[in-house]
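Visitor: File follows, entry_21.txt with compact mmCIF, N, CA and C atoms:
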```
# COMPACT_ATOMS: atom_id res chain seq x y z
N MET A 1 92.55 117.58 90.48
CA MET A 1 93.11 118.16 91.69
C MET A 1 93.18 117.07 92.78
N ILE A 2 94.29 117.00 93.48
CA ILE A 2 94.49 116.00 94.52
C ILE A 2 94.00 116.55 95.86
N GLN A 3 93.17 115.78 96.55
CA GLN A 3 92.66 116.17 97.87
C GLN A 3 93.61 115.62 98.93
N GLU A 4 94.50 116.46 99.43
CA GLU A 4 95.49 116.02 100.41
C GLU A 4 95.04 116.24 101.85
N GLU A 5 94.02 117.02 102.07
CA GLU A 5 93.65 117.41 103.43
C GLU A 5 93.09 116.27 104.27
N ASN A 6 92.36 115.36 103.69
CA ASN A 6 91.70 114.30 104.46
C ASN A 6 92.19 112.93 104.05
N ASP A 7 93.47 112.79 103.81
CA ASP A 7 94.03 111.54 103.33
C ASP A 7 94.85 110.87 104.43
N PRO A 8 94.27 109.87 105.12
CA PRO A 8 95.01 109.21 106.21
C PRO A 8 96.26 108.50 105.72
N ALA A 9 96.26 108.00 104.49
CA ALA A 9 97.45 107.33 103.96
C ALA A 9 98.58 108.34 103.77
N LEU A 10 98.25 109.54 103.35
CA LEU A 10 99.27 110.58 103.19
C LEU A 10 99.86 110.98 104.55
N LEU A 11 99.00 111.08 105.55
CA LEU A 11 99.48 111.38 106.91
C LEU A 11 100.41 110.28 107.40
N ALA A 12 100.01 109.03 107.21
CA ALA A 12 100.85 107.89 107.63
C ALA A 12 102.19 107.92 106.92
N ALA A 13 102.18 108.18 105.62
CA ALA A 13 103.42 108.23 104.85
C ALA A 13 104.32 109.38 105.31
N ALA A 14 103.74 110.53 105.60
CA ALA A 14 104.52 111.67 106.08
C ALA A 14 105.15 111.37 107.44
N LEU A 15 104.38 110.77 108.33
CA LEU A 15 104.93 110.38 109.63
C LEU A 15 106.03 109.33 109.45
N GLY A 16 105.86 108.44 108.49
CA GLY A 16 106.88 107.45 108.19
C GLY A 16 108.17 108.10 107.72
N ASP A 17 108.05 109.14 106.89
CA ASP A 17 109.24 109.88 106.42
C ASP A 17 109.98 110.51 107.60
N ILE A 18 109.23 111.10 108.51
CA ILE A 18 109.84 111.73 109.69
C ILE A 18 110.51 110.67 110.56
N ALA A 19 109.80 109.57 110.79
CA ALA A 19 110.34 108.50 111.64
C ALA A 19 111.62 107.92 111.04
N ARG A 20 111.64 107.70 109.72
CA ARG A 20 112.85 107.18 109.09
C ARG A 20 114.00 108.18 109.18
N ALA A 21 113.69 109.47 109.03
CA ALA A 21 114.74 110.50 109.12
C ALA A 21 115.34 110.55 110.52
N ARG A 22 114.53 110.27 111.52
CA ARG A 22 115.01 110.32 112.91
C ARG A 22 115.53 108.98 113.40
N GLY A 23 115.29 107.94 112.61
CA GLY A 23 115.73 106.59 112.96
C GLY A 23 114.54 105.76 113.43
N MET A 24 114.23 104.72 112.69
CA MET A 24 113.06 103.91 112.99
C MET A 24 113.17 103.20 114.34
N SER A 25 114.34 102.72 114.67
CA SER A 25 114.50 102.03 115.96
C SER A 25 114.20 102.96 117.12
N GLN A 26 114.75 104.16 117.06
CA GLN A 26 114.53 105.15 118.13
C GLN A 26 113.06 105.58 118.15
N SER A 27 112.48 105.81 116.98
CA SER A 27 111.09 106.23 116.90
C SER A 27 110.16 105.15 117.43
N ALA A 28 110.46 103.90 117.09
CA ALA A 28 109.64 102.79 117.56
C ALA A 28 109.71 102.67 119.08
N LYS A 29 110.91 102.74 119.61
CA LYS A 29 111.08 102.63 121.06
C LYS A 29 110.33 103.75 121.78
N ALA A 30 110.44 104.97 121.27
CA ALA A 30 109.77 106.12 121.89
C ALA A 30 108.25 106.01 121.81
N SER A 31 107.74 105.33 120.79
CA SER A 31 106.29 105.19 120.64
C SER A 31 105.75 103.94 121.33
N GLY A 32 106.65 103.09 121.83
CA GLY A 32 106.21 101.87 122.49
C GLY A 32 105.81 100.77 121.53
N MET A 33 106.31 100.85 120.30
CA MET A 33 105.99 99.86 119.27
C MET A 33 107.26 99.15 118.85
N THR A 34 107.09 98.01 118.20
CA THR A 34 108.26 97.36 117.60
C THR A 34 108.59 98.09 116.31
N ARG A 35 109.82 97.95 115.87
CA ARG A 35 110.23 98.60 114.63
C ARG A 35 109.41 98.07 113.46
N GLU A 36 109.16 96.77 113.44
CA GLU A 36 108.39 96.16 112.36
C GLU A 36 106.95 96.69 112.35
N ALA A 37 106.35 96.82 113.53
CA ALA A 37 104.98 97.34 113.61
C ALA A 37 104.92 98.80 113.15
N LEU A 38 105.95 99.55 113.47
CA LEU A 38 105.99 100.96 113.05
C LEU A 38 106.11 101.05 111.53
N TYR A 39 106.99 100.25 110.94
CA TYR A 39 107.10 100.22 109.48
C TYR A 39 105.75 99.87 108.85
N LYS A 40 105.08 98.86 109.39
CA LYS A 40 103.80 98.42 108.84
C LYS A 40 102.74 99.51 108.97
N ALA A 41 102.68 100.17 110.11
CA ALA A 41 101.66 101.21 110.35
C ALA A 41 101.87 102.45 109.49
N LEU A 42 103.13 102.72 109.12
CA LEU A 42 103.43 103.96 108.41
C LEU A 42 103.83 103.75 106.95
N ARG A 43 103.57 102.58 106.42
CA ARG A 43 103.89 102.34 105.01
C ARG A 43 102.90 103.10 104.13
N PRO A 44 103.28 103.36 102.88
CA PRO A 44 102.34 104.04 101.97
C PRO A 44 101.02 103.27 101.87
N ASN A 45 99.95 103.99 101.83
CA ASN A 45 98.59 103.46 101.75
C ASN A 45 98.11 102.75 103.01
N ALA A 46 98.85 102.89 104.10
CA ALA A 46 98.41 102.33 105.38
C ALA A 46 97.30 103.21 105.94
N GLN A 47 96.47 102.63 106.76
CA GLN A 47 95.43 103.40 107.43
C GLN A 47 95.51 103.06 108.92
N PRO A 48 96.51 103.63 109.61
CA PRO A 48 96.69 103.30 111.02
C PRO A 48 95.56 103.85 111.88
N ARG A 49 95.33 103.20 113.01
CA ARG A 49 94.33 103.69 113.97
C ARG A 49 94.80 105.02 114.54
N PHE A 50 93.83 105.81 115.01
CA PHE A 50 94.16 107.11 115.59
C PHE A 50 95.12 106.96 116.76
N ASP A 51 94.92 105.92 117.57
CA ASP A 51 95.80 105.69 118.71
C ASP A 51 97.25 105.53 118.25
N THR A 52 97.46 104.83 117.17
CA THR A 52 98.80 104.64 116.63
C THR A 52 99.37 105.96 116.15
N VAL A 53 98.59 106.72 115.41
CA VAL A 53 99.03 108.03 114.92
C VAL A 53 99.38 108.93 116.10
N ASN A 54 98.54 108.92 117.12
CA ASN A 54 98.77 109.75 118.29
C ASN A 54 100.08 109.37 118.99
N ARG A 55 100.33 108.07 119.17
CA ARG A 55 101.55 107.61 119.82
C ARG A 55 102.79 107.98 119.01
N VAL A 56 102.70 107.83 117.70
CA VAL A 56 103.83 108.16 116.84
C VAL A 56 104.09 109.66 116.85
N CYS A 57 103.04 110.45 116.78
CA CYS A 57 103.20 111.91 116.84
C CYS A 57 103.89 112.32 118.14
N ALA A 58 103.45 111.77 119.25
CA ALA A 58 104.06 112.10 120.54
C ALA A 58 105.53 111.70 120.55
N ALA A 59 105.85 110.54 120.01
CA ALA A 59 107.24 110.07 119.97
C ALA A 59 108.11 110.96 119.09
N LEU A 60 107.52 111.51 118.03
CA LEU A 60 108.28 112.34 117.10
C LEU A 60 108.26 113.82 117.47
N GLY A 61 107.50 114.17 118.50
CA GLY A 61 107.40 115.58 118.88
C GLY A 61 106.56 116.38 117.90
N VAL A 62 105.58 115.72 117.30
CA VAL A 62 104.68 116.36 116.33
C VAL A 62 103.31 116.48 116.96
N LYS A 63 102.66 117.60 116.73
CA LYS A 63 101.34 117.83 117.33
C LYS A 63 100.30 118.01 116.22
N LEU A 64 99.22 117.25 116.31
CA LEU A 64 98.11 117.43 115.38
C LEU A 64 97.18 118.48 115.97
N VAL A 65 96.70 119.37 115.12
CA VAL A 65 95.86 120.46 115.57
C VAL A 65 94.55 120.47 114.79
N ALA A 66 93.44 120.55 115.49
CA ALA A 66 92.13 120.68 114.84
C ALA A 66 91.92 122.16 114.53
N GLN A 67 91.50 122.43 113.31
CA GLN A 67 91.29 123.81 112.89
C GLN A 67 89.96 123.91 112.17
N ALA A 68 89.16 124.87 112.54
CA ALA A 68 87.87 125.07 111.89
C ALA A 68 88.10 125.50 110.44
N VAL A 69 87.23 125.01 109.57
CA VAL A 69 87.32 125.40 108.16
C VAL A 69 86.06 126.17 107.80
N ALA A 70 86.21 127.07 106.87
CA ALA A 70 85.06 127.84 106.40
C ALA A 70 84.21 126.94 105.53
N VAL A 71 82.91 126.99 105.77
CA VAL A 71 81.99 126.15 105.00
C VAL A 71 81.27 126.96 103.97
```
Write out the structure in this file as structure tokens.
Guide:
Amino acid sequence: MIQEENDPALLAAALGDIARARGMSQSAKASGMTREALYKALRPNAQPRFDTVNRVCAALGVKLVAQAVAV
């Protein structure tokens, strides 16, 4: 079974898919990053810093939500 819930590389790749669909140049400009830095941060198996993920989410209009899980 694949554990997708806590996989930062999967999150980075998903954000990369969204950014490419919307245009990397526009996404990079909106996030305050260079296009090359955005590609590097969101490549498969990347582990971007939370600050980077937060900036990219804001630029893409995506919101991360903390949700309690049953233990």
Visitor: Excluding Ala28 of chain A and any residue of its chain fewer than 2 positions from it, enumerate the residues within 9 Å of it, using only C-alpha atoms, and give them as an MDAnalysis selection string.
Guide: chainID A and resid 19 23:26 30:39 56 59
Visitor: Report the residues of chain A whose backbone DSSP state falls under helix (DSSP H, G or I), written as a ChimeraX atom specification.
Guide: /A:8-22,24-31,35-41,50-60
Visitor: Between atom N of Val71 of chain A and atom N of Thr52 of chain A, what is the spacing in Å?
Guide: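 Between atom N of Thr52 of chain A and atom N of Val71 of chain A the gap is 28.9 Å.
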Visitor: Atom N of Ala70 of chain A and atom CA of Gly16 of chain A, how far apart in Å?
Guide: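 Taking atom CA of Gly16 of chain A and atom N of Ala70 of chain A, their separation equals 28.5 Å.
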Visitor: Quick one: distance from atom C of Gln47 of chain A to atom N of Leu60 of chain A in Å, one decimal?
Guide: 17.3 Å
Visitor: Can you tell me which residues surround Leu42 of chain A at a distance of at most 8 Å, considering only C-alpha atoms, apart from same-chain residues fewer than 2 positions away, and format the answer as a PDB file with N, CA and C atoms, in the frame of the given file?
Guide:
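Listed below is the output, out-v7.pdb:
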```
ATOM      1  N   ALA A  12     100.010 109.030 107.210  1.00  0.00           N
ATOM      2  CA  ALA A  12     100.850 107.890 107.630  1.00  0.00           C
ATOM      3  C   ALA A  12     102.190 107.920 106.920  1.00  0.00           C
ATOM      4  N   ALA A  13     102.180 108.180 105.620  1.00  0.00           N
ATOM      5  CA  ALA A  13     103.420 108.230 104.850  1.00  0.00           C
ATOM      6  C   ALA A  13     104.320 109.380 105.310  1.00  0.00           C
ATOM      7  N   LEU A  15     104.380 110.770 108.330  1.00  0.00           N
ATOM      8  CA  LEU A  15     104.930 110.380 109.630  1.00  0.00           C
ATOM      9  C   LEU A  15     106.030 109.330 109.450  1.00  0.00           C
ATOM     10  N   GLY A  16     105.860 108.440 108.490  1.00  0.00           N
ATOM     11  CA  GLY A  16     106.880 107.450 108.190  1.00  0.00           C
ATOM     12  C   GLY A  16     108.170 108.100 107.720  1.00  0.00           C
ATOM     13  N   LEU A  38     105.950  99.550 113.470  1.00  0.00           N
ATOM     14  CA  LEU A  38     105.990 100.960 113.050  1.00  0.00           C
ATOM     15  C   LEU A  38     106.110 101.050 111.530  1.00  0.00           C
ATOM     16  N   TYR A  39     106.990 100.250 110.940  1.00  0.00           N
ATOM     17  CA  TYR A  39     107.100 100.220 109.480  1.00  0.00           C
ATOM     18  C   TYR A  39     105.750  99.870 108.850  1.00  0.00           C
ATOM     19  N   LYS A  40     105.080  98.860 109.390  1.00  0.00           N
ATOM     20  CA  LYS A  40     103.800  98.420 108.840  1.00  0.00           C
ATOM     21  C   LYS A  40     102.740  99.510 108.970  1.00  0.00           C
ATOM     22  N   PRO A  44     103.280 103.360 102.880  1.00  0.00           N
ATOM     23  CA  PRO A  44     102.340 104.040 101.970  1.00  0.00           C
ATOM     24  C   PRO A  44     101.020 103.270 101.870  1.00  0.00           C
ATOM     25  N   ALA A  46      98.850 102.890 104.100  1.00  0.00           N
ATOM     26  CA  ALA A  46      98.410 102.330 105.380  1.00  0.00           C
ATOM     27  C   ALA A  46      97.300 103.210 105.940  1.00  0.00           C
ATOM     28  N   PRO A  48      96.510 103.630 109.610  1.00  0.00           N
ATOM     29  CA  PRO A  48      96.690 103.300 111.020  1.00  0.00           C
ATOM     30  C   PRO A  48      95.560 103.850 111.880  1.00  0.00           C
TER      31      PRO A  48
END
```
